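Q: Hey, dropping input.csv in here, CSV, C-alpha atoms:
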```
chain,number,residue,atom,x,y,z
Z,790,MET,CA,43.0,10.3,-39.2
Z,791,THR,CA,43.3,6.7,-40.3
Z,792,ARG,CA,40.3,4.6,-41.3
Z,793,ARG,CA,40.9,2.4,-38.3
Z,794,LYS,CA,40.8,5.4,-35.9
Z,795,ILE,CA,37.6,6.6,-37.6
Z,796,LEU,CA,35.9,3.3,-37.2
Z,797,LEU,CA,37.1,3.1,-33.6
Z,798,LEU,CA,35.7,6.6,-32.9
Z,799,PHE,CA,32.5,5.7,-34.6
Z,800,SER,CA,32.1,2.6,-32.5
Z,801,ILE,CA,32.7,4.6,-29.3
Z,802,LEU,CA,30.1,7.1,-30.4
Z,803,LEU,CA,27.5,4.4,-31.1
Z,804,TYR,CA,28.2,2.8,-27.8
Z,805,ALA,CA,27.8,6.2,-26.0
Z,806,ILE,CA,24.5,6.9,-27.9
Z,807,GLY,CA,23.3,3.4,-27.1
Z,808,THR,CA,24.1,3.7,-23.4
Z,809,GLN,CA,22.4,7.0,-23.2
Z,810,ALA,CA,19.3,5.6,-25.0
Z,811,GLN,CA,19.3,2.7,-22.6
Z,812,LYS,CA,19.3,5.1,-19.6
Z,813,ASP,CA,16.6,7.2,-21.2
Z,814,THR,CA,13.8,4.7,-20.6
Z,815,LEU,CA,10.5,5.2,-18.9
Z,816,ALA,CA,11.7,3.1,-15.9
Z,817,SER,CA,14.9,5.1,-15.5
Z,818,ARG,CA,13.0,8.4,-15.8
Z,819,LEU,CA,10.4,7.5,-13.2
Z,820,LEU,CA,13.1,6.2,-10.8
Z,821,HIS,CA,15.0,9.5,-11.1
Z,822,GLU,CA,11.8,11.5,-10.5
Z,823,ILE,CA,11.1,9.4,-7.5
Z,824,ALA,CA,14.6,10.0,-6.1
Z,825,ALA,CA,14.2,13.8,-6.7
Z,826,GLU,CA,11.0,13.9,-4.6
Z,827,GLN,CA,12.6,12.2,-1.5
Z,828,TYR,CA,13.5,14.5,1.3
Z,829,THR,CA,17.2,14.7,2.1
Z,830,ALA,CA,17.0,16.6,5.4
Z,831,ASP,CA,14.6,16.8,8.3
Z,832,SER,CA,11.8,19.3,8.0
Z,833,PHE,CA,8.1,18.7,8.4
Z,834,TYR,CA,9.0,15.4,6.8
Z,835,TYR,CA,11.9,13.4,8.1
Z,836,ALA,CA,14.9,12.8,5.8
Z,837,GLY,CA,14.1,9.8,3.5
Z,838,MET,CA,10.4,10.4,3.5
Z,839,PHE,CA,8.1,11.3,0.6
Z,840,PRO,CA,5.3,13.9,0.7
Z,841,SER,CA,1.7,12.9,1.0
Z,842,HIS,CA,-1.5,14.8,1.1
Z,843,ARG,CA,-4.7,14.6,3.2
Z,844,TYR,CA,-8.0,15.9,2.0
Z,845,TYR,CA,-10.9,16.5,4.3
Z,846,GLY,CA,-14.5,15.6,3.5
Z,847,TYR,CA,-14.1,14.9,-0.2
Z,848,PRO,CA,-11.3,13.6,-2.5
Z,849,ASN,CA,-11.0,17.1,-3.7
Z,850,GLY,CA,-11.6,18.8,-0.4
Z,851,LYS,CA,-9.1,21.0,1.6
Z,852,MET,CA,-5.6,19.6,1.3
Z,853,LYS,CA,-3.0,19.5,4.0
Z,854,HIS,CA,0.4,17.8,4.1
Z,855,ASP,CA,0.5,14.7,6.3
Z,856,ASN,CA,3.8,13.2,7.3
Z,857,ASN,CA,2.7,9.6,7.8
Z,858,VAL,CA,5.1,6.8,7.1
Z,859,PHE,CA,2.6,4.7,5.2
Z,860,PHE,CA,3.4,5.9,1.7
Z,861,THR,CA,7.1,6.0,2.3
Z,862,GLY,CA,6.9,2.4,3.5
Z,863,LEU,CA,4.9,1.3,0.5
Z,864,ILE,CA,7.4,3.0,-1.9
Z,865,ALA,CA,10.4,1.3,-0.2
Z,866,MET,CA,8.6,-2.1,-0.1
Z,867,THR,CA,7.6,-1.9,-3.8
Z,868,LEU,CA,11.0,-0.7,-5.0
Z,869,GLY,CA,12.5,-3.6,-3.0
Z,870,GLU,CA,10.5,-6.0,-5.1
Z,871,LEU,CA,11.6,-4.2,-8.3
Z,872,GLN,CA,15.3,-3.9,-7.3
Z,873,ASN,CA,16.5,-6.7,-9.6
Z,874,GLU,CA,14.8,-5.2,-12.6
Z,875,PHE,CA,17.3,-2.4,-12.7
Z,876,ASP,CA,20.9,-2.4,-14.1
Z,877,ASN,CA,23.6,-0.1,-12.8
Z,878,PRO,CA,23.5,2.8,-12.1
Z,879,ASP,CA,19.8,2.7,-11.7
Z,880,SER,CA,20.1,-0.3,-9.4
Z,881,ILE,CA,22.4,1.7,-7.2
Z,882,LEU,CA,19.9,4.6,-7.2
Z,883,CYS,CA,17.0,2.3,-6.3
Z,884,GLN,CA,19.0,0.9,-3.3
Z,885,GLN,CA,19.8,4.4,-2.2
Z,886,ILE,CA,16.2,5.4,-2.2
Z,887,ARG,CA,15.2,2.4,-0.2
Z,888,SER,CA,18.0,2.8,2.3
Z,889,SER,CA,17.1,6.5,2.9
Z,890,ALA,CA,13.5,5.7,3.3
Z,891,VAL,CA,14.2,2.9,5.9
Z,892,ALA,CA,16.3,5.4,7.9
Z,893,SER,CA,13.2,7.4,8.6
Z,894,PHE,CA,11.3,4.4,10.1
Z,895,PRO,CA,12.6,4.6,13.7
Z,896,HIS,CA,10.5,7.8,14.2
Z,897,PHE,CA,7.4,5.7,13.8
Z,898,ARG,CA,8.4,2.7,15.9
Z,899,HIS,CA,6.8,2.0,19.2
Z,900,ARG,CA,8.2,4.2,21.9
Z,901,SER,CA,9.3,1.1,24.0
Z,902,GLY,CA,11.5,-0.1,21.1
Z,903,ARG,CA,9.0,-2.9,20.3
Z,904,ASN,CA,9.1,-3.8,16.6
Z,905,THR,CA,5.7,-2.5,15.7
Z,906,TYR,CA,5.0,0.7,13.8
Z,907,ASN,CA,2.5,3.6,13.7
Z,908,PHE,CA,0.9,5.5,10.9
Z,909,TRP,CA,2.3,8.7,12.5
Z,910,GLN,CA,5.4,9.5,14.5
Z,911,THR,CA,5.5,8.1,18.0
Z,912,ASN,CA,8.0,10.2,20.0
Z,913,PRO,CA,6.5,12.7,20.4
Z,914,SER,CA,3.2,11.2,19.3
Z,915,MET,CA,1.4,12.9,16.4
Z,916,VAL,CA,-2.2,12.6,15.1
Z,917,PHE,CA,-3.5,14.3,12.0
Z,918,PRO,CA,-0.6,16.7,11.7
Z,919,ASN,CA,-1.5,20.2,10.5
Z,920,SER,CA,-4.9,19.9,12.1
Z,921,GLY,CA,-5.3,22.0,15.2
Z,922,PHE,CA,-8.9,20.9,15.8
Z,923,LEU,CA,-8.2,17.2,16.0
Z,924,LYS,CA,-5.3,17.8,18.3
Z,925,MET,CA,-7.8,19.0,20.9
Z,926,PHE,CA,-8.9,15.5,21.5
Z,927,LYS,CA,-6.1,14.1,23.6
Z,928,LYS,CA,-7.2,10.5,23.4
Z,929,TRP,CA,-6.3,10.4,19.7
Z,930,HIS,CA,-2.7,10.9,20.8
Z,931,SER,CA,-2.6,7.3,22.0
Z,932,LEU,CA,-3.5,5.9,18.5
Z,933,PRO,CA,-2.0,2.5,18.7
Z,934,ASP,CA,0.4,0.9,16.2
Z,935,ASP,CA,-1.3,-1.2,13.5
Z,936,ILE,CA,-0.5,-4.4,11.7
Z,937,ASP,CA,-0.8,-2.7,8.3
Z,938,ASP,CA,2.1,-0.2,8.7
Z,939,THR,CA,4.0,-2.8,10.6
Z,940,SER,CA,3.8,-5.4,7.9
Z,941,ILE,CA,4.7,-2.9,5.2
Z,942,LEU,CA,7.7,-1.5,7.0
Z,943,LEU,CA,9.1,-4.8,8.1
Z,944,LEU,CA,8.9,-6.0,4.5
Z,945,ALA,CA,10.5,-2.7,3.3
Z,946,MET,CA,13.4,-3.0,5.7
Z,947,GLU,CA,13.8,-6.7,5.0
Z,948,ALA,CA,13.6,-7.5,8.7
Z,949,ASP,CA,15.3,-10.7,10.0
Z,950,PRO,CA,13.1,-13.8,10.5
Z,951,ALA,CA,13.4,-13.6,14.3
Z,952,THR,CA,11.9,-10.1,14.3
Z,953,ALA,CA,9.1,-11.2,11.9
Z,954,ARG,CA,8.3,-14.1,14.2
Z,955,GLU,CA,8.2,-11.9,17.2
Z,956,VAL,CA,5.8,-9.5,15.5
Z,957,LYS,CA,3.6,-12.3,14.3
Z,958,ASN,CA,3.2,-13.5,17.9
Z,959,LEU,CA,2.0,-10.0,18.8
Z,960,MET,CA,-0.4,-9.9,16.0
Z,961,GLU,CA,-1.9,-13.2,17.1
Z,962,GLU,CA,-2.4,-11.8,20.6
Z,963,HIS,CA,-4.5,-9.0,19.2
Z,964,ALA,CA,-6.6,-11.1,16.8
Z,965,ASN,CA,-10.4,-11.2,17.0
Z,966,THR,CA,-11.9,-13.3,19.9
Z,967,VAL,CA,-8.5,-13.6,21.8
Z,968,HIS,CA,-9.4,-10.9,24.3
Z,969,TYR,CA,-12.3,-9.0,22.6
Z,970,SER,CA,-14.6,-9.7,19.7
Z,971,ILE,CA,-15.5,-7.5,16.8
Z,972,ARG,CA,-18.7,-5.5,16.9
Z,973,ASN,CA,-18.9,-3.8,13.6
Z,974,THR,CA,-18.8,-6.3,10.8
Z,975,PHE,CA,-21.4,-8.6,9.2
Z,976,LYS,CA,-22.8,-11.0,11.8
Z,977,LYS,CA,-21.6,-14.0,9.7
Z,978,TYR,CA,-18.0,-12.9,10.2
Z,979,ARG,CA,-18.0,-11.9,13.9
Z,980,ASP,CA,-16.8,-15.2,15.3
Z,981,ILE,CA,-13.9,-15.6,12.8
Z,982,PRO,CA,-10.6,-15.2,14.8
Z,983,ALA,CA,-8.8,-13.2,12.0
Z,984,TYR,CA,-6.2,-10.5,12.6
Z,985,SER,CA,-7.4,-7.2,13.8
Z,986,THR,CA,-6.0,-4.0,12.4
Z,987,TRP,CA,-4.8,-2.6,15.8
Z,988,PHE,CA,-2.3,-3.6,18.4
Z,989,GLY,CA,-3.8,-1.4,21.1
Z,990,LYS,CA,-5.9,-3.0,23.9
Z,991,ASN,CA,-8.2,0.0,24.1
Z,992,MET,CA,-9.1,0.0,20.4
Z,993,PRO,CA,-12.1,-1.9,19.1
Z,994,ILE,CA,-11.4,-5.0,17.0
Z,995,ASP,CA,-11.3,-4.0,13.4
Z,996,PHE,CA,-11.4,-6.0,10.2
Z,997,ASP,CA,-10.1,-4.5,6.9
Z,998,ALA,CA,-9.8,-6.7,3.8
Z,999,CYS,CA,-6.7,-4.8,2.4
Z,1000,VAL,CA,-5.0,-4.8,5.8
Z,1001,LEU,CA,-5.5,-8.6,6.0
Z,1002,SER,CA,-4.1,-8.9,2.4
Z,1003,ASN,CA,-1.0,-6.9,3.4
Z,1004,THR,CA,-0.6,-9.0,6.6
Z,1005,LEU,CA,-0.9,-12.3,4.8
Z,1006,TYR,CA,1.6,-11.0,2.2
Z,1007,PHE,CA,4.0,-10.4,5.1
Z,1008,MET,CA,3.3,-13.8,6.5
Z,1009,HIS,CA,3.9,-15.5,3.2
Z,1010,ALA,CA,7.2,-13.6,2.6
Z,1011,TYR,CA,8.5,-15.1,5.8
Z,1012,ASN,CA,6.8,-18.6,5.4
Z,1013,MET,CA,4.7,-18.0,8.5
Z,1014,VAL,CA,1.2,-18.8,7.2
Z,1015,ASN,CA,0.9,-21.6,9.8
Z,1016,SER,CA,-1.4,-20.5,12.6
Z,1017,PRO,CA,-5.1,-20.4,13.4
Z,1018,ALA,CA,-5.1,-16.6,12.9
Z,1019,ASP,CA,-3.7,-17.1,9.4
Z,1020,THR,CA,-6.2,-19.7,8.5
Z,1021,ALA,CA,-9.0,-17.5,9.9
Z,1022,SER,CA,-7.8,-14.5,7.9
Z,1023,LEU,CA,-7.7,-16.5,4.7
Z,1024,GLN,CA,-11.2,-17.8,5.5
Z,1025,LEU,CA,-12.5,-14.2,5.9
Z,1026,LEU,CA,-10.9,-13.0,2.7
Z,1027,ASP,CA,-12.2,-16.0,0.9
Z,1028,ALA,CA,-15.8,-15.2,2.0
Z,1029,ILE,CA,-15.5,-11.5,1.3
Z,1030,ILE,CA,-14.2,-12.2,-2.3
Z,1031,ARG,CA,-16.7,-15.0,-2.9
Z,1032,ASN,CA,-19.6,-12.8,-1.8
Z,1033,ARG,CA,-18.2,-9.9,-4.0
Z,1034,GLU,CA,-18.4,-7.5,-1.0
Z,1035,TYR,CA,-15.4,-5.6,-2.3
Z,1036,MET,CA,-17.8,-4.4,-5.0
Z,1037,THR,CA,-21.1,-4.1,-3.0
Z,1038,ASN,CA,-19.7,-2.9,0.4
Z,1039,PRO,CA,-16.1,-1.8,-0.1
Z,1040,SER,CA,-16.0,0.9,2.6
Z,1041,TYR,CA,-17.6,-1.5,5.1
Z,1042,ILE,CA,-15.3,-4.5,4.7
Z,1043,SER,CA,-12.3,-2.2,4.0
Z,1044,PRO,CA,-12.8,1.1,5.8
Z,1045,HIS,CA,-9.2,2.1,5.4
Z,1046,TYR,CA,-9.0,1.6,1.6
Z,1047,ALA,CA,-12.6,1.7,0.6
Z,1048,TYR,CA,-12.5,1.6,-3.2
Z,1049,PRO,CA,-13.1,-1.5,-5.3
Z,1050,PRO,CA,-10.0,-0.9,-7.7
Z,1051,VAL,CA,-7.7,-0.6,-4.7
Z,1052,LEU,CA,-9.2,-3.7,-3.1
Z,1053,ILE,CA,-8.8,-5.8,-6.2
Z,1054,TYR,CA,-5.3,-4.6,-6.6
Z,1055,HIS,CA,-4.4,-5.9,-3.1
Z,1056,PHE,CA,-6.2,-9.3,-3.6
Z,1057,ALA,CA,-4.5,-9.7,-7.0
Z,1058,ARG,CA,-1.0,-8.9,-5.6
Z,1059,LEU,CA,-1.4,-11.5,-2.9
Z,1060,ILE,CA,-2.7,-14.1,-5.4
Z,1061,GLY,CA,-0.1,-13.3,-8.1
Z,1062,ARG,CA,2.9,-13.4,-5.7
Z,1063,TYR,CA,2.0,-16.4,-3.5
Z,1064,HIS,CA,-0.7,-18.4,-5.4
Z,1065,ASP,CA,-2.6,-19.4,-2.3
Z,1066,PRO,CA,-5.1,-22.0,-3.5
Z,1067,ILE,CA,-7.9,-20.7,-1.3
Z,1068,LEU,CA,-7.8,-17.3,-3.0
Z,1069,THR,CA,-6.6,-18.3,-6.4
Z,1070,GLN,CA,-9.9,-20.0,-7.1
Z,1071,HIS,CA,-11.4,-16.5,-7.3
Z,1072,SER,CA,-9.0,-15.2,-10.0
Z,1073,ALA,CA,-11.5,-15.4,-12.8
Z,1074,GLN,CA,-14.2,-13.4,-10.8
Z,1075,LEU,CA,-11.7,-10.8,-9.7
Z,1076,ALA,CA,-10.4,-10.4,-13.3
Z,1077,SER,CA,-14.0,-10.0,-14.6
Z,1078,ASP,CA,-14.7,-7.3,-12.1
Z,1079,ALA,CA,-11.3,-5.6,-12.8
Z,1080,ARG,CA,-12.2,-5.4,-16.5
Z,1081,GLN,CA,-15.6,-4.0,-15.8
Z,1082,LEU,CA,-14.1,-1.3,-13.6
Z,1083,PHE,CA,-11.4,-0.6,-16.1
Z,1084,GLU,CA,-13.9,0.0,-18.9
Z,1085,SER,CA,-16.1,2.3,-16.8
Z,1086,SER,CA,-13.4,4.3,-15.1
Z,1087,CYS,CA,-12.3,7.7,-16.2
Z,1088,ASN,CA,-9.4,7.7,-13.7
Z,1089,GLU,CA,-6.1,6.8,-15.4
Z,1090,MET,CA,-4.4,5.8,-12.2
Z,1091,GLU,CA,-7.3,3.5,-11.3
Z,1092,LYS,CA,-6.8,2.0,-14.8
Z,1093,VAL,CA,-3.1,1.5,-14.0
Z,1094,ILE,CA,-3.7,-0.5,-10.9
Z,1095,LEU,CA,-6.5,-2.5,-12.5
Z,1096,SER,CA,-4.3,-3.4,-15.4
Z,1097,THR,CA,-1.6,-4.4,-13.0
Z,1098,ALA,CA,-4.1,-6.6,-11.1
Z,1099,LEU,CA,-5.1,-8.3,-14.3
Z,1100,LEU,CA,-1.4,-9.1,-15.1
Z,1101,TRP,CA,-1.0,-10.6,-11.6
Z,1102,LEU,CA,-4.0,-12.7,-12.2
Z,1103,GLY,CA,-2.5,-14.1,-15.3
Z,1104,GLU,CA,-4.9,-12.3,-17.7
Z,1105,GLU,CA,-4.5,-10.2,-20.8
Z,1106,ALA,CA,-4.5,-6.6,-19.5
Z,1107,PRO,CA,-5.7,-3.7,-21.6
Z,1108,PRO,CA,-3.0,-1.1,-22.2
Z,1109,VAL,CA,-3.0,2.2,-20.3
Z,1110,ASP,CA,-1.9,5.6,-21.4
Z,1111,ILE,CA,0.7,6.4,-18.8
Z,1112,GLN,CA,1.1,9.9,-20.1
Z,1113,LYS,CA,-2.5,10.7,-19.2
Z,1114,ALA,CA,-2.2,9.6,-15.6
Z,1115,ASP,CA,-2.7,12.5,-13.2
Z,1116,LEU,CA,0.1,11.8,-10.7
Z,1117,ASN,CA,-1.1,14.6,-8.3
Z,1118,GLY,CA,-4.8,14.1,-8.1
Z,1119,ASP,CA,-6.1,10.9,-9.6
Z,1120,LEU,CA,-5.9,8.1,-7.1
Z,1121,ILE,CA,-7.2,7.8,-3.5
Z,1122,PHE,CA,-5.2,4.9,-2.1
Z,1123,PHE,CA,-6.0,5.3,1.6
Z,1124,VAL,CA,-8.9,6.6,3.7
Z,1125,ALA,CA,-8.9,7.6,7.4
Z,1126,GLY,CA,-12.6,7.3,8.3
Z,1127,PHE,CA,-13.9,7.6,11.8
Z,1128,ASN,CA,-16.6,5.1,10.9
Z,1129,ALA,CA,-14.1,2.3,11.2
Z,1130,LEU,CA,-14.2,2.7,15.0
Z,1131,LEU,CA,-17.9,2.8,15.4
Z,1132,PRO,CA,-20.0,-0.2,16.5
Z,1133,ASN,CA,-22.9,-1.4,14.4
Z,1134,PRO,CA,-25.3,-0.2,13.2
Z,1135,TYR,CA,-23.4,3.2,13.0
Z,1136,LYS,CA,-20.3,1.9,11.1
Z,1137,LYS,CA,-22.5,0.6,8.3
Z,1138,PHE,CA,-24.6,3.7,8.2
Z,1139,PHE,CA,-21.7,6.0,8.1
Z,1140,SER,CA,-19.5,4.0,5.7
Z,1141,GLY,CA,-18.6,6.2,2.8
Z,1142,TYR,CA,-19.9,9.2,4.5
Z,1143,HIS,CA,-17.6,12.0,3.4
Z,1144,LEU,CA,-17.9,14.4,6.4
Z,1145,ILE,CA,-16.1,11.9,8.7
Z,1146,SER,CA,-13.4,10.9,6.3
Z,1147,TYR,CA,-10.0,12.0,5.3
Z,1148,TYR,CA,-8.6,11.0,1.9
Z,1149,TYR,CA,-5.0,10.4,1.2
Z,1150,ARG,CA,-2.9,10.7,-2.0
Z,1151,CYS,CA,0.9,10.5,-2.6
Z,1152,PRO,CA,2.1,11.7,-6.1
Z,1153,THR,CA,5.4,9.8,-5.7
Z,1154,TYR,CA,3.7,6.6,-4.9
Z,1155,ASN,CA,1.6,7.0,-8.0
Z,1156,LYS,CA,4.9,7.1,-9.9
Z,1157,VAL,CA,5.9,3.9,-8.2
Z,1158,LEU,CA,2.7,2.3,-9.2
Z,1159,LEU,CA,3.4,3.4,-12.8
Z,1160,LEU,CA,6.9,2.0,-12.6
Z,1161,GLN,CA,5.6,-1.3,-11.1
Z,1162,HIS,CA,3.0,-1.6,-13.9
Z,1163,HIS,CA,5.6,-0.8,-16.6
Z,1164,LEU,CA,8.2,-3.3,-15.4
Z,1165,LEU,CA,5.7,-6.0,-14.8
Z,1166,ARG,CA,4.3,-5.7,-18.3
Z,1167,GLN,CA,7.9,-5.6,-19.7
Z,1168,ALA,CA,8.8,-8.8,-17.8
Z,1169,ILE,CA,5.7,-10.6,-19.1
Z,1170,LEU,CA,6.4,-9.5,-22.7
Z,1171,LYS,CA,10.0,-10.7,-22.3
Z,1172,TYR,CA,8.9,-14.0,-20.9
Z,1173,LYS,CA,6.4,-14.6,-23.7
Z,1174,GLY,CA,8.8,-13.3,-26.4
```
Since I need it in another form, could you write the structure as structure tokens?
A:
Amino acid sequence: MTRRKILLLFSILLYAIGTQAQKDTLASRLLHEIAAEQYTADSFYYAGMFPSHRYYGYPNGKMKHDNNVFFTGLIAMTLGELQNEFDNPDSILCQQIRSSAVASFPHFRHRSGRNTYNFWQTNPSMVFPNSGFLKMFKKWHSLPDDIDDTSILLLAMEADPATAREVKNLMEEHANTVHYSIRNTFKKYRDIPAYSTWFGKNMPIDFDACVLSNTLYFMHAYNMVNSPADTASLQLLDAIIRNREYMTNPSYISPHYAYPPVLIYHFARLIGRYHDPILTQHSAQLASDARQLFESSCNEMEKVILSTALLWLGEEAPPVDIQKADLNGDLIFFVAGFNALLPNPYKKFFSGYHLISYYYRCPTYNKVLLLQHHLLRQAILKYKG
């Protein structure tokens, strides 16, 4: 073999090794694990969905599978925001994951074909799957669509502007004080015409700080923060953050998310992406509370989202040991609590009361949160370096 051929072979070998090393990154590994956990055929979960778990009574209570679209929507939405961080073939894989997830969304769309979405499937309707006891209460089968899942899914599917505007109009029709007024929040907030969580006419008006954050995130994405309901929702979030009620009364002002780290994560994401001046003024306070929670937490996934929040807020974020994160059992990201539907004084009394709550986890979404954190930190290091 000639020297030239040896050098050529050596160069090809180095290129192959380098390419393999490039693929063998944390981001690539997490993305492939996410893809492996996505259902490819209909079963209890529809094709394109990811498994999630519901725990009754306590975060470590009895576990059952729950085929809601919430986590699948969050995974698709978040990967959509990370899409440009990947090179081929990972970019192709990321798009495939997103497209497969979006293909499951029609099962959760309003039965009339309206562009609103439910936490559970709508045709036939389903409430608390795998729970025979709760299915006895037929009125729960009419659980209405909600603005949280709708905002997340429309962002995930990159809905066209006309659809976004149509849904915004529906959200405004169901805002507080339009037809009914909220009965289960602080008295100082009862007259604020902010968005309600539910589309249904027979559901009580409900405020949730994280739901409002996701809805305003949706509005900003389509340049639609231009109505009295948007202004009112920003006013409500401004007051909640200024009064630090995400720390002192988290399950009361956000009954569907309920935990301070999760609330701060949502606020920081909205601030970091869209820099709304009304909320940006609270960045230092949120960062201070995020650091305090980070230092006191023994939950590695909580530390991941708190560190991500600090990065979004433009702060130095303490490193997290991703290898220690318990992807199966660490983070409660969503809570289904019956207290959210109760009028005062019962809602406040039962806030955080475990026996009327269901706690939700999604191991795959935890991996997406790890991926998000890793790529955000890498992007910031690249920008600084």
Q: By how many Å are atom CA of Z:Glu822 and atom CA of Z:Thr939 apart?
A: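 Taking atom CA of Z:Glu822 as the start and atom CA of Z:Thr939 as the end point, the length is 26.7 Å.
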Q: What's the 7 Å shell around Z:Ala1018, counting only C-alpha atoms, without same-chain residues fewer than 2 positions away, as a ChimeraX atom specification?
A: /Z:961,964,982-984,1016,1020-1022
Q: Counting only C-alpha atoms, find residues at most 12 Å from (-1.0, 9.4, 10.7) (file frame) and give them as a PyMOL selection string.
A: chain Z and resi 841-843+854-860+897+906-911+914-920+923+929-935+938+1123-1125+1147-1149
Q: Find the smallest box with edges along x, y and z containing every listed atom of stretch 969-987 of chain Z, then add 4 Å on each side and report centre and edge lengths in Å to one decimal, as JSON.
A:
```
{"center_x": -13.8, "center_y": -9.1, "center_z": 15.9, "size_x": 26.0, "size_y": 21.0, "size_z": 21.4}
```
Q: How far is it from atom CA of Z:Met852 to atom CA of Z:Tyr1041, in Å with one decimal?
A: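 One can read the atom CA of Z:Met852 to atom CA of Z:Tyr1041 distance as 24.6 Å.
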